[in-house]
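Here the structure comes first, spelled out in structure tokens, and everything after it is commentary.
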Amino acid sequence: MIDLLVFPGDVVTTSKKNEKTRISSGLIQNGDNIQSSKVGFVRKDLRKKCLWIDNHQNRYIPSVEDTVIGVITERHSFQYKINIGAPRDAILDALSFEGATKRNKPNLQVGDLVYCRVVVANKHMEPEVSCISLHFKKEWMTGEALFTRLEDGYVFECSLEFARKLLSDDCFILNCLGKYIPFEIAIGLNGRIWVKSSRIVLTIVITNCLLNSQHINNNKRMEQMVRILLDRV
Amino acid sequence: AAGVRLDGRGLLENREITVHFGQDYGSCAVSLGETRVLAQVSCEVVEPRPSRPNEGKIVTNVHITPMAGPEYEAGRTSDAQDELQQLLESNIKESRCLDLEALCIMAEESVWQLRADVTVLNACGNLGDACNMAVVAALKHFHRPDITVEEDGRVTIHSFSEREPIPTFLKKVPVCLTYAFCQQQDGELIVFSDPTDLEERVVMGKLVVGLNPHGEITSMNFPGLVMLDKKHISFCIMNAFQRARHCAELIEKLVEEDLQKRKLEVHPKGFLGKLISDEQHKRNLINGKVALMSIMSSQFQRVRDKMDVDQNNDNAIKHEMDESNNHDSATEEIDLMDDDNDKENYDEEQRQKDNVEELNYDEEKQKCKDDEDVETVDDDDDDSSSTCSSDSQFSIEQGRSASPRNVATDSSSDDSSDSEDSEEDVKESVNVGNL
């Protein structure tokens, strides 16, 4: 079942009485059956312990517990409207920051970048995001919280599977770049990547390295490419 | 602010131009980096304008649909569309680059009307240049049917199989170049050419100048809100004149190549013969260039070692250069190592590699019997030998071993390979380096 190529309508598995199966993007429940709605490979996410369909896609459909990078489009008294590339803009509650109270909450402006986590995502409602992390309990004032506003840096868009590849444990290109340049990176599963480095030129080099690495399979060649691009700086 | 562009180009550097020709005469697709534009020229017999009874007509049309980008709406109201229409009209119609009197069949009764339809396939900045180049290339490529005029005034149009079609005659080749202006913090204007779409959005204004290599300016347009000094305008135009010659020569060369190829083939394959997905193209390009650059840098290392040994540096370099094939590119590499530029080099290396690839491709062409589609292979080994075998089977890539996984014979009589073409890795044979 895992790594099986499925087409829309194919039954991936049936839900059993005593077992729970968590399903994520690309899978829908149809009675007792769990069917696929995309063409792709069935994968199992070990961290989230869910099944999902892996394919090449640029358009982001939100699903719960995804970490995404959003751009604030509207500011209201108690919430922000944030664009995460989904069919509908998401809502970020103004108090959904660690340690935030009505008097003490972050002041985000329209156009700010926020790294956040999807909390509610289904096709009937507007998606909701939050900057509260379940594991890293740093207050928002410290500036060291995991989900926070992203300052400076540069954002670019990419395909969803490239973002997933970068997030995998054995991502060669990030380790390779890290050997040569110190940089900060935030990877949104909505296909947005934020990069920040000490110099603008280095940020551009990193961006181009990442974009090039999409098309290179060979590790040795990737290292060569990085070195070539860095030589000129 | 640092003088660096997002894709690593220099301020006055243009993106790579690729021109593909379709199956019919007069259809061509131009890619300017990511921007893609398709032009199709067609003709019909109409009555001439009463004010000019001896001249044919030419009509240009630009279509921008949401296919070009999400910011374009379906419907002919976008500013970009109006701008492009006007640009093409002034550059092509009013510049009188086409010999319209040659299109006359019978004065005051019937003339040819050429119609150039341009469709924007992907809008990634600098649509003006791309559309203009597409129309010009299509016009140069276009052949119109031969006709006979009977005594009683009837006109018979012969099909292409009956009589040889007649090429159109472009007196001058109009070229369009776009320069964008951005204001720095100290008030100085930065000029850069060939903006991408991200750059276009941030830019304050542009200067779109149409000219031809003879030295005539056919059109000048200043979209945007920027106060330009005389010095800015004259700088752009000086630069444009230099580039115009390159562009015009490029178009002429590519059209010639394609027309030559048509004579050899019974059924021209057109776009299908070079159908390759963006990803495959990028993969070939990037992998090839990385392999090339690493070989070159290792060669250069040898040169540097020799430089340390030899007292007279110039002689040593020249000696090494004559030995190796990569004459131009290696000297370019030396220039880049010497000066202290902050320039990011994603496309700089592309430019060098394109030059090298062009050189290599020409050499290989002479070596091999069949000079049709060239194929690259995604190899994992990095041997530094390039081989070329005859029998119309060859793999090209300097620095790769010749162990082709996917090889197809490309003779036009072999129809079975046509279906496989789209699946295998095919390198475009009309891939021209940066100007």
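Each chain in the structure tokens gets a letter, A, B, ..., in the order shown, and its residues are numbered from 1; ligands are numbered from 1 in order too.
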
*Tell me which protein, DNA and RNA residues are within 10 Å of range 137-139 of chain A, counting only C-alpha atoms, leaving out same-chain ones fewer than 6 positions away, and put them as a PyMOL selection string.*
chain A and resi 97-100+145-147

Quick one: write out the picked residues with all heavy atoms as a PDB file, in the first residue's frame?
ATOM      1  N   PHE A  97      -0.437  33.694  19.811  1.00  0.00           N
ATOM      2  CA  PHE A  97       1.015  33.704  19.949  1.00  0.00           C
ATOM      3  C   PHE A  97       1.295  33.319  21.385  1.00  0.00           C
ATOM      4  O   PHE A  97       0.532  33.636  22.284  1.00  0.00           O
ATOM      5  CB  PHE A  97       1.585  35.101  19.678  1.00  0.00           C
ATOM      6  CG  PHE A  97       1.437  35.541  18.251  1.00  0.00           C
ATOM      7  CD1 PHE A  97       0.250  36.099  17.807  1.00  0.00           C
ATOM      8  CD2 PHE A  97       2.470  35.390  17.355  1.00  0.00           C
ATOM      9  CE1 PHE A  97       0.100  36.491  16.495  1.00  0.00           C
ATOM     10  CE2 PHE A  97       2.330  35.790  16.047  1.00  0.00           C
ATOM     11  CZ  PHE A  97       1.147  36.334  15.610  1.00  0.00           C
ATOM     12  N   GLU A  98       2.378  32.643  21.586  1.00  0.00           N
ATOM     13  CA  GLU A  98       2.682  32.135  22.911  1.00  0.00           C
ATOM     14  C   GLU A  98       2.837  33.292  23.897  1.00  0.00           C
ATOM     15  O   GLU A  98       3.652  34.194  23.696  1.00  0.00           O
ATOM     16  CB  GLU A  98       3.977  31.324  22.853  1.00  0.00           C
ATOM     17  CG  GLU A  98       4.278  30.546  24.101  1.00  0.00           C
ATOM     18  CD  GLU A  98       3.298  29.409  24.317  1.00  0.00           C
ATOM     19  OE1 GLU A  98       3.018  28.700  23.337  1.00  0.00           O
ATOM     20  OE2 GLU A  98       2.813  29.237  25.445  1.00  0.00           O
ATOM     21  N   GLY A  99       2.065  33.276  24.940  1.00  0.00           N
ATOM     22  CA  GLY A  99       2.188  34.318  25.963  1.00  0.00           C
ATOM     23  C   GLY A  99       1.543  35.631  25.572  1.00  0.00           C
ATOM     24  O   GLY A  99       1.847  36.665  26.155  1.00  0.00           O
ATOM     25  N   ALA A 100       0.652  35.605  24.611  1.00  0.00           N
ATOM     26  CA  ALA A 100       0.044  36.867  24.181  1.00  0.00           C
ATOM     27  C   ALA A 100      -1.229  37.132  24.971  1.00  0.00           C
ATOM     28  O   ALA A 100      -2.035  36.242  25.189  1.00  0.00           O
ATOM     29  CB  ALA A 100      -0.273  36.802  22.692  1.00  0.00           C
ATOM     30  N   ALA A 145      10.658  32.538  19.434  1.00  0.00           N
ATOM     31  CA  ALA A 145       9.607  31.556  19.222  1.00  0.00           C
ATOM     32  C   ALA A 145       9.780  30.911  17.862  1.00  0.00           C
ATOM     33  O   ALA A 145      10.375  31.483  16.951  1.00  0.00           O
ATOM     34  CB  ALA A 145       8.238  32.239  19.317  1.00  0.00           C
ATOM     35  N   LEU A 146       9.243  29.713  17.736  1.00  0.00           N
ATOM     36  CA  LEU A 146       9.396  29.020  16.461  1.00  0.00           C
ATOM     37  C   LEU A 146       8.534  29.676  15.384  1.00  0.00           C
ATOM     38  O   LEU A 146       8.996  29.977  14.292  1.00  0.00           O
ATOM     39  CB  LEU A 146       9.010  27.559  16.643  1.00  0.00           C
ATOM     40  CG  LEU A 146       9.071  26.716  15.371  1.00  0.00           C
ATOM     41  CD1 LEU A 146      10.490  26.671  14.851  1.00  0.00           C
ATOM     42  CD2 LEU A 146       8.575  25.318  15.637  1.00  0.00           C
ATOM     43  N   PHE A 147       7.271  29.905  15.714  1.00  0.00           N
ATOM     44  CA  PHE A 147       6.353  30.477  14.732  1.00  0.00           C
ATOM     45  C   PHE A 147       6.248  31.954  15.007  1.00  0.00           C
ATOM     46  O   PHE A 147       5.713  32.369  16.013  1.00  0.00           O
ATOM     47  CB  PHE A 147       4.980  29.825  14.842  1.00  0.00           C
ATOM     48  CG  PHE A 147       4.993  28.367  14.514  1.00  0.00           C
ATOM     49  CD1 PHE A 147       4.691  27.434  15.472  1.00  0.00           C
ATOM     50  CD2 PHE A 147       5.329  27.936  13.252  1.00  0.00           C
ATOM     51  CE1 PHE A 147       4.707  26.084  15.170  1.00  0.00           C
ATOM     52  CE2 PHE A 147       5.347  26.596  12.942  1.00  0.00           C
ATOM     53  CZ  PHE A 147       5.044  25.665  13.903  1.00  0.00           C
TER      54      PHE A 147
END

Would you mind listing what lies within 8 Å of Tyr80 in chain A as a PyMOL selection string, with only C-alpha atoms counted and same-chain residues fewer than 5 positions away left out?
-> chain A and resi 72-75+91-94

Contact check, chain A to chain B, at most 10 Å, counting only C-alpha atoms, closest pairs as JSON lines:
{"residue": "A:Arg199", "atom": "CA", "partner": "B:Ala2", "partner_atom": "CA", "distance": 9.6}
{"residue": "A:Ile200", "atom": "CA", "partner": "B:Ala2", "partner_atom": "CA", "distance": 7.7}
{"residue": "A:Val201", "atom": "CA", "partner": "B:Glu344", "partner_atom": "CA", "distance": 6.7}
{"residue": "A:Leu202", "atom": "CA", "partner": "B:Glu344", "partner_atom": "CA", "distance": 8.4}
{"residue": "A:Thr203", "atom": "CA", "partner": "B:Leu6", "partner_atom": "CA", "distance": 9.6}
{"residue": "A:Ile204", "atom": "CA", "partner": "B:Leu6", "partner_atom": "CA", "distance": 6.2}
{"residue": "A:Val205", "atom": "CA", "partner": "B:Glu344", "partner_atom": "CA", "distance": 6.4}
{"residue": "A:Thr207", "atom": "CA", "partner": "B:Leu6", "partner_atom": "CA", "distance": 8.7}
{"residue": "A:Asn208", "atom": "CA", "partner": "B:Tyr346", "partner_atom": "CA", "distance": 6.8}
{"residue": "A:Cys209", "atom": "CA", "partner": "B:Tyr346", "partner_atom": "CA", "distance": 8.4}
{"residue": "A:Asn212", "atom": "CA", "partner": "B:Ile286", "partner_atom": "CA", "distance": 7.0}
{"residue": "A:Ser213", "atom": "CA", "partner": "B:Ile286", "partner_atom": "CA", "distance": 9.0}
{"residue": "A:Gln214", "atom": "CA", "partner": "B:Arg283", "partner_atom": "CA", "distance": 8.4}
{"residue": "A:His215", "atom": "CA", "partner": "B:Arg283", "partner_atom": "CA", "distance": 4.8}
{"residue": "A:Ile216", "atom": "CA", "partner": "B:Asn287", "partner_atom": "CA", "distance": 6.3}
{"residue": "A:Asn217", "atom": "CA", "partner": "B:Asp380", "partner_atom": "CA", "distance": 8.8}
{"residue": "A:Asn218", "atom": "CA", "partner": "B:Asp380", "partner_atom": "CA", "distance": 6.8}
{"residue": "A:Asn219", "atom": "CA", "partner": "B:Asp380", "partner_atom": "CA", "distance": 9.8}
{"residue": "A:Lys220", "atom": "CA", "partner": "B:Asp380", "partner_atom": "CA", "distance": 9.3}
{"residue": "A:Arg221", "atom": "CA", "partner": "B:Val290", "partner_atom": "CA", "distance": 6.7}
{"residue": "A:Met222", "atom": "CA", "partner": "B:Val290", "partner_atom": "CA", "distance": 8.2}
{"residue": "A:Glu223", "atom": "CA", "partner": "B:Val290", "partner_atom": "CA", "distance": 9.6}
{"residue": "A:Gln224", "atom": "CA", "partner": "B:Ser294", "partner_atom": "CA", "distance": 6.6}
{"residue": "A:Met225", "atom": "CA", "partner": "B:Val290", "partner_atom": "CA", "distance": 5.6}
{"residue": "A:Val226", "atom": "CA", "partner": "B:Val290", "partner_atom": "CA", "distance": 9.3}
{"residue": "A:Arg227", "atom": "CA", "partner": "B:Ser294", "partner_atom": "CA", "distance": 9.3}
{"residue": "A:Ile228", "atom": "CA", "partner": "B:Met293", "partner_atom": "CA", "distance": 7.5}
{"residue": "A:Leu229", "atom": "CA", "partner": "B:Asn345", "partner_atom": "CA", "distance": 6.0}
{"residue": "A:Leu230", "atom": "CA", "partner": "B:Glu344", "partner_atom": "CA", "distance": 8.1}
{"residue": "A:Asp231", "atom": "CA", "partner": "B:Met337", "partner_atom": "CA", "distance": 8.8}
{"residue": "A:Arg232", "atom": "CA", "partner": "B:Glu344", "partner_atom": "CA", "distance": 6.4}
{"residue": "A:Val233", "atom": "CA", "partner": "B:Asp342", "partner_atom": "CA", "distance": 5.2}

Rounded to one decimal in Å, what is the spacing between CA of Ser31 in chain B and CA of Leu207 in chain B?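 If I compute the distance from CA of Ser31 in chain B to CA of Leu207 in chain B, I get 20.9 Å.
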
### Task
Name all residues at most 10 Å from range 33-35 of chain A (count only C-alpha atoms; drop same-chain ones fewer than 2 positions away) and give them as number ranges by chain.
A: 6-16, 21, 23, 26-31, 37-38

Please save N, CA and C atoms of the selected residues as a PDB file, in the first residue's frame.
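Below is the file result-v3.pdb, written as the result:
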ATOM      1  N   VAL A   6      -1.368   5.471  -7.230  1.00  0.00           N
ATOM      2  CA  VAL A   6      -2.826   5.416  -7.270  1.00  0.00           C
ATOM      3  C   VAL A   6      -3.373   6.510  -8.165  1.00  0.00           C
ATOM      4  N   PHE A   7      -4.563   6.264  -8.644  1.00  0.00           N
ATOM      5  CA  PHE A   7      -5.285   7.230  -9.455  1.00  0.00           C
ATOM      6  C   PHE A   7      -6.507   7.676  -8.680  1.00  0.00           C
ATOM      7  N   PRO A   8      -7.111   8.780  -9.070  1.00  0.00           N
ATOM      8  CA  PRO A   8      -8.293   9.222  -8.341  1.00  0.00           C
ATOM      9  C   PRO A   8      -9.379   8.165  -8.348  1.00  0.00           C
ATOM     10  N   GLY A   9      -9.901   7.876  -7.185  1.00  0.00           N
ATOM     11  CA  GLY A   9     -10.952   6.872  -7.073  1.00  0.00           C
ATOM     12  C   GLY A   9     -10.437   5.547  -6.580  1.00  0.00           C
ATOM     13  N   ASP A  10      -9.138   5.331  -6.680  1.00  0.00           N
ATOM     14  CA  ASP A  10      -8.588   4.058  -6.199  1.00  0.00           C
ATOM     15  C   ASP A  10      -8.744   3.958  -4.700  1.00  0.00           C
ATOM     16  N   VAL A  11      -9.143   2.794  -4.246  1.00  0.00           N
ATOM     17  CA  VAL A  11      -9.284   2.607  -2.804  1.00  0.00           C
ATOM     18  C   VAL A  11      -7.917   2.266  -2.246  1.00  0.00           C
ATOM     19  N   VAL A  12      -7.456   3.079  -1.337  1.00  0.00           N
ATOM     20  CA  VAL A  12      -6.132   2.856  -0.775  1.00  0.00           C
ATOM     21  C   VAL A  12      -6.204   1.841   0.347  1.00  0.00           C
ATOM     22  N   THR A  13      -7.169   2.040   1.190  1.00  0.00           N
ATOM     23  CA  THR A  13      -7.327   1.109   2.297  1.00  0.00           C
ATOM     24  C   THR A  13      -8.756   1.227   2.807  1.00  0.00           C
ATOM     25  N   THR A  14      -9.159   0.302   3.623  1.00  0.00           N
ATOM     26  CA  THR A  14     -10.477   0.447   4.258  1.00  0.00           C
ATOM     27  C   THR A  14     -10.267   0.644   5.741  1.00  0.00           C
ATOM     28  N   SER A  15     -11.118   1.436   6.328  1.00  0.00           N
ATOM     29  CA  SER A  15     -10.919   1.726   7.748  1.00  0.00           C
ATOM     30  C   SER A  15     -11.396   0.532   8.566  1.00  0.00           C
ATOM     31  N   LYS A  16     -10.541   0.154   9.472  1.00  0.00           N
ATOM     32  CA  LYS A  16     -10.891  -1.015  10.293  1.00  0.00           C
ATOM     33  C   LYS A  16     -11.501  -0.576  11.603  1.00  0.00           C
ATOM     34  N   THR A  21      -6.922   5.391  11.269  1.00  0.00           N
ATOM     35  CA  THR A  21      -5.994   5.765  10.205  1.00  0.00           C
ATOM     36  C   THR A  21      -6.128   7.252   9.990  1.00  0.00           C
ATOM     37  N   ILE A  23      -5.627  10.411   7.759  1.00  0.00           N
ATOM     38  CA  ILE A  23      -5.375  10.685   6.351  1.00  0.00           C
ATOM     39  C   ILE A  23      -5.130  12.169   6.161  1.00  0.00           C
ATOM     40  N   GLY A  26      -4.908  14.587  -0.243  1.00  0.00           N
ATOM     41  CA  GLY A  26      -5.087  13.697  -1.371  1.00  0.00           C
ATOM     42  C   GLY A  26      -5.950  12.486  -1.075  1.00  0.00           C
ATOM     43  N   LEU A  27      -6.319  12.291   0.179  1.00  0.00           N
ATOM     44  CA  LEU A  27      -7.131  11.124   0.518  1.00  0.00           C
ATOM     45  C   LEU A  27      -8.464  11.596   1.079  1.00  0.00           C
ATOM     46  N   ILE A  28      -9.512  10.907   0.684  1.00  0.00           N
ATOM     47  CA  ILE A  28     -10.833  11.238   1.226  1.00  0.00           C
ATOM     48  C   ILE A  28     -11.515   9.976   1.699  1.00  0.00           C
ATOM     49  N   GLN A  29     -12.364  10.172   2.670  1.00  0.00           N
ATOM     50  CA  GLN A  29     -13.068   9.027   3.223  1.00  0.00           C
ATOM     51  C   GLN A  29     -14.418   8.899   2.533  1.00  0.00           C
ATOM     52  N   ASN A  30     -14.675   7.728   2.037  1.00  0.00           N
ATOM     53  CA  ASN A  30     -15.919   7.482   1.325  1.00  0.00           C
ATOM     54  C   ASN A  30     -16.573   6.258   1.952  1.00  0.00           C
ATOM     55  N   GLY A  31     -17.385   6.506   2.953  1.00  0.00           N
ATOM     56  CA  GLY A  31     -17.954   5.372   3.677  1.00  0.00           C
ATOM     57  C   GLY A  31     -16.863   4.696   4.477  1.00  0.00           C
ATOM     58  N   SER A  37      -7.796  11.062  -4.210  1.00  0.00           N
ATOM     59  CA  SER A  37      -8.363  12.043  -5.126  1.00  0.00           C
ATOM     60  C   SER A  37      -7.308  12.635  -6.032  1.00  0.00           C
ATOM     61  N   LYS A  38      -6.074  12.184  -5.912  1.00  0.00           N
ATOM     62  CA  LYS A  38      -5.017  12.708  -6.769  1.00  0.00           C
ATOM     63  C   LYS A  38      -4.299  11.532  -7.412  1.00  0.00           C
TER      64      LYS A  38
END

Report task. Just list the residues in range 51-134 of chain A DSSP gives strand (DSSP E or B) on the backbone, as a PyMOL selection string. Result -> chain A and resi 51-54+67-75+79-83+90-97+113-120+128-131

Can you work out which one of A:Ser24, A:Asn18, A:Ser130, A:Gln79 has the shortest atom-to-atom distance to Asp45 in chain A, counting only C-alpha atoms?
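Smallest separation from Asp45 in chain A among the options: A:Ser24.
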
Between B:Ile105, B:Ile17, B:Cys182, B:Leu127, smallest distance to Val226 in chain B by only C-alpha atoms belongs to B:Cys182

Just checking: using only C-alpha atoms, which residue out of B:Arg15, B:His20, B:Arg144, B:Lys206 ends up closest to Phe181 in chain B?
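Of the candidates, the smallest distance to Phe181 in chain B is held by B:Lys206.
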
Taking only range 85-143 of chain B into account, list the residues labelled alpha helix (DSSP H) by DSSP (computed from the backbone), as a tab-separated table (two decimals) with all heavy atoms, in the first residue's frame.
chain	number	residue	atom	x	y	z
B	85	GLN	N	0.43	46.16	-28.74
B	85	GLN	CA	-0.14	46.42	-30.07
B	85	GLN	C	0.52	47.63	-30.70
B	85	GLN	O	0.95	47.62	-31.85
B	85	GLN	CB	-1.64	46.72	-29.93
B	85	GLN	CG	-2.49	45.53	-29.60
B	85	GLN	CD	-2.99	44.84	-30.85
B	85	GLN	OE1	-2.22	44.61	-31.79
B	85	GLN	NE2	-4.26	44.53	-30.87
B	86	GLN	N	0.59	48.69	-29.88
B	86	GLN	CA	1.17	49.92	-30.39
B	86	GLN	C	2.62	49.73	-30.78
B	86	GLN	O	3.10	50.22	-31.80
B	86	GLN	CB	1.05	50.99	-29.31
B	86	GLN	CG	0.95	52.36	-29.86
B	86	GLN	CD	0.97	53.38	-28.74
B	86	GLN	OE1	1.60	53.20	-27.72
B	86	GLN	NE2	0.28	54.46	-28.97
B	87	LEU	N	3.33	48.98	-29.93
B	87	LEU	CA	4.74	48.74	-30.18
B	87	LEU	C	4.94	48.03	-31.51
B	87	LEU	O	5.76	48.42	-32.35
B	87	LEU	CB	5.32	47.90	-29.04
B	87	LEU	CG	6.75	47.45	-29.21
B	87	LEU	CD1	7.65	48.61	-28.94
B	87	LEU	CD2	7.07	46.33	-28.27
B	88	LEU	N	4.15	46.98	-31.72
B	88	LEU	CA	4.32	46.22	-32.95
B	88	LEU	C	3.91	47.04	-34.16
B	88	LEU	O	4.53	46.98	-35.22
B	88	LEU	CB	3.51	44.93	-32.90
B	88	LEU	CG	4.07	43.84	-32.00
B	88	LEU	CD1	3.21	42.61	-32.08
B	88	LEU	CD2	5.48	43.50	-32.40
B	127	LEU	N	7.84	41.59	-22.40
B	127	LEU	CA	7.03	41.04	-23.49
B	127	LEU	C	7.31	41.75	-24.80
B	127	LEU	O	7.21	41.15	-25.87
B	127	LEU	CB	5.55	41.19	-23.16
B	127	LEU	CG	5.01	40.24	-22.12
B	127	LEU	CD1	3.59	40.58	-21.80
B	127	LEU	CD2	5.10	38.82	-22.64
B	128	GLY	N	7.67	43.04	-24.71
B	128	GLY	CA	7.88	43.82	-25.93
B	128	GLY	C	8.96	43.21	-26.81
B	128	GLY	O	8.77	42.97	-28.00
B	129	ASP	N	10.12	42.97	-26.19
B	129	ASP	CA	11.22	42.37	-26.95
B	129	ASP	C	10.83	41.06	-27.57
B	129	ASP	O	11.10	40.78	-28.74
B	129	ASP	CB	12.41	42.08	-26.00
B	129	ASP	CG	13.16	43.32	-25.66
B	129	ASP	OD1	12.63	44.42	-25.89
B	129	ASP	OD2	14.27	43.18	-25.14
B	130	ALA	N	10.19	40.23	-26.74
B	130	ALA	CA	9.86	38.88	-27.21
B	130	ALA	C	8.88	38.92	-28.36
B	130	ALA	O	9.05	38.23	-29.37
B	130	ALA	CB	9.31	38.05	-26.05
B	131	CYS	N	7.82	39.74	-28.23
B	131	CYS	CA	6.80	39.79	-29.28
B	131	CYS	C	7.41	40.31	-30.57
B	131	CYS	O	7.16	39.77	-31.66
B	131	CYS	CB	5.66	40.71	-28.88
B	131	CYS	SG	4.60	40.01	-27.62
B	132	ASN	N	8.20	41.35	-30.45
B	132	ASN	CA	8.80	41.92	-31.64
B	132	ASN	C	9.69	40.90	-32.34
B	132	ASN	O	9.61	40.70	-33.56
B	132	ASN	CB	9.61	43.15	-31.24
B	132	ASN	CG	10.27	43.82	-32.41
B	132	ASN	OD1	11.11	43.23	-33.09
B	132	ASN	ND2	9.88	45.03	-32.68
B	133	MET	N	10.51	40.22	-31.53
B	133	MET	CA	11.42	39.24	-32.14
B	133	MET	C	10.64	38.12	-32.79
B	133	MET	O	11.00	37.64	-33.87
B	133	MET	CB	12.34	38.67	-31.06
B	133	MET	CG	13.32	37.71	-31.62
B	133	MET	SD	14.70	37.43	-30.53
B	133	MET	CE	15.44	39.01	-30.50
B	134	ALA	N	9.54	37.71	-32.14
B	134	ALA	CA	8.75	36.62	-32.71
B	134	ALA	C	8.16	37.02	-34.05
B	134	ALA	O	8.19	36.25	-35.02
B	134	ALA	CB	7.64	36.23	-31.74
B	135	VAL	N	7.62	38.25	-34.11
B	135	VAL	CA	7.00	38.68	-35.36
B	135	VAL	C	8.05	38.81	-36.46
B	135	VAL	O	7.83	38.38	-37.60
B	135	VAL	CB	6.25	40.01	-35.17
B	135	VAL	CG1	5.75	40.52	-36.48
B	135	VAL	CG2	5.11	39.83	-34.22
B	136	VAL	N	9.18	39.37	-36.11
B	136	VAL	CA	10.21	39.56	-37.13
B	136	VAL	C	10.72	38.22	-37.65
B	136	VAL	O	10.86	38.00	-38.85
B	136	VAL	CB	11.35	40.41	-36.56
B	136	VAL	CG1	12.54	40.37	-37.47
B	136	VAL	CG2	10.89	41.82	-36.36
B	137	ALA	N	10.97	37.30	-36.71
B	137	ALA	CA	11.45	35.98	-37.13
B	137	ALA	C	10.40	35.26	-37.97
B	137	ALA	O	10.71	34.63	-38.98
B	137	ALA	CB	11.82	35.14	-35.91
B	138	ALA	N	9.13	35.40	-37.56
B	138	ALA	CA	8.07	34.74	-38.31
B	138	ALA	C	7.95	35.33	-39.71
B	138	ALA	O	7.75	34.61	-40.69
B	138	ALA	CB	6.74	34.87	-37.56
B	139	LEU	N	8.09	36.65	-39.80
B	139	LEU	CA	7.98	37.28	-41.11
B	139	LEU	C	9.11	36.84	-42.02
B	139	LEU	O	8.92	36.59	-43.21
B	139	LEU	CB	8.01	38.81	-40.96
B	139	LEU	CG	6.70	39.46	-40.53
B	139	LEU	CD1	6.92	40.93	-40.27
B	139	LEU	CD2	5.63	39.27	-41.57
B	140	LYS	N	10.31	36.77	-41.43
B	140	LYS	CA	11.45	36.34	-42.24
B	140	LYS	C	11.30	34.91	-42.69
B	140	LYS	O	11.75	34.52	-43.76
B	140	LYS	CB	12.73	36.48	-41.42
B	140	LYS	CG	13.46	37.74	-41.73
B	140	LYS	CD	14.89	37.71	-41.24
B	140	LYS	CE	15.70	38.73	-41.99
B	140	LYS	NZ	16.24	38.29	-43.23
B	141	HIS	N	10.66	34.12	-41.86
B	141	HIS	CA	10.53	32.70	-42.14
B	141	HIS	C	9.40	32.43	-43.11
B	141	HIS	O	9.36	31.40	-43.79
B	141	HIS	CB	10.25	31.99	-40.81
B	141	HIS	CG	10.33	30.51	-40.87
B	141	HIS	ND1	9.20	29.71	-40.82
B	141	HIS	CD2	11.37	29.69	-40.97
B	141	HIS	CE1	9.58	28.45	-40.87
B	141	HIS	NE2	10.88	28.41	-40.96

- [ ] Find the residues around His63 in chain B up to 7 Å (only C-alpha atoms counted), leave out those fewer than 4 positions away in its own chain, and share them as a PyMOL selection string.
- [x] chain B and resi 118-120

All heavy atoms of the current selection, written as an mmCIF file, in the first residue's frame:
data_model
loop_
_atom_site.group_PDB
_atom_site.id
_atom_site.type_symbol
_atom_site.label_atom_id
_atom_site.label_comp_id
_atom_site.auth_asym_id
_atom_site.auth_seq_id
_atom_site.Cartn_x
_atom_site.Cartn_y
_atom_site.Cartn_z
ATOM 1 N N VAL B 118 0.187 37.278 -32.675
ATOM 2 C CA VAL B 118 1.112 36.932 -31.607
ATOM 3 C C VAL B 118 0.316 36.506 -30.391
ATOM 4 O O VAL B 118 -0.613 37.185 -29.993
ATOM 5 C CB VAL B 118 1.985 38.153 -31.223
ATOM 6 C CG1 VAL B 118 3.003 37.744 -30.193
ATOM 7 C CG2 VAL B 118 2.640 38.721 -32.450
ATOM 8 N N THR B 119 0.679 35.367 -29.838
ATOM 9 C CA THR B 119 0.035 34.921 -28.605
ATOM 10 C C THR B 119 1.100 34.836 -27.528
ATOM 11 O O THR B 119 2.160 34.251 -27.748
ATOM 12 C CB THR B 119 -0.579 33.521 -28.786
ATOM 13 O OG1 THR B 119 -1.244 33.480 -30.015
ATOM 14 C CG2 THR B 119 -1.538 33.216 -27.664
ATOM 15 N N VAL B 120 0.811 35.424 -26.414
ATOM 16 C CA VAL B 120 1.763 35.357 -25.306
ATOM 17 C C VAL B 120 1.489 34.075 -24.530
ATOM 18 O O VAL B 120 0.406 33.888 -23.983
ATOM 19 C CB VAL B 120 1.618 36.577 -24.380
ATOM 20 C CG1 VAL B 120 2.562 36.446 -23.207
ATOM 21 C CG2 VAL B 120 1.898 37.850 -25.145
#

Using CA of His214 in chain B and CA of Phe235 in chain B as the two end points, give the distance in Å to one decimal.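 Spanning CA of His214 in chain B to CA of Phe235 in chain B is a straight-line distance of 18.2 Å.
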
In Å and to one decimal, CA of Gly26 in chain B is distant from CA of Gly215 in chain B by 26.3 Å

What's the 8 Å shell around Ile69 in chain A, counting only C-alpha atoms, without same-chain residues fewer than 3 positions away, as a list in words?
Ile84, Leu113, Val114, Tyr115, Cys116, Ala186, Ile187, Gly188, Leu189, Asn190, Arg192 and Ile193 of chain A

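Within 12 Å of Pro167 in chain B, once only C-alpha atoms are used and residues closer than 3 positions along the same chain are dropped, the contacting residues are Tyr25, Gly26, Leu98, Asp99, Ala102, Leu103, Ala138, Leu139, Lys140, His141, Phe142, His143, Arg144, Pro145, Asp146, Phe160, Glu164, Leu170, Val255, Glu256 and Leu259 of chain B.
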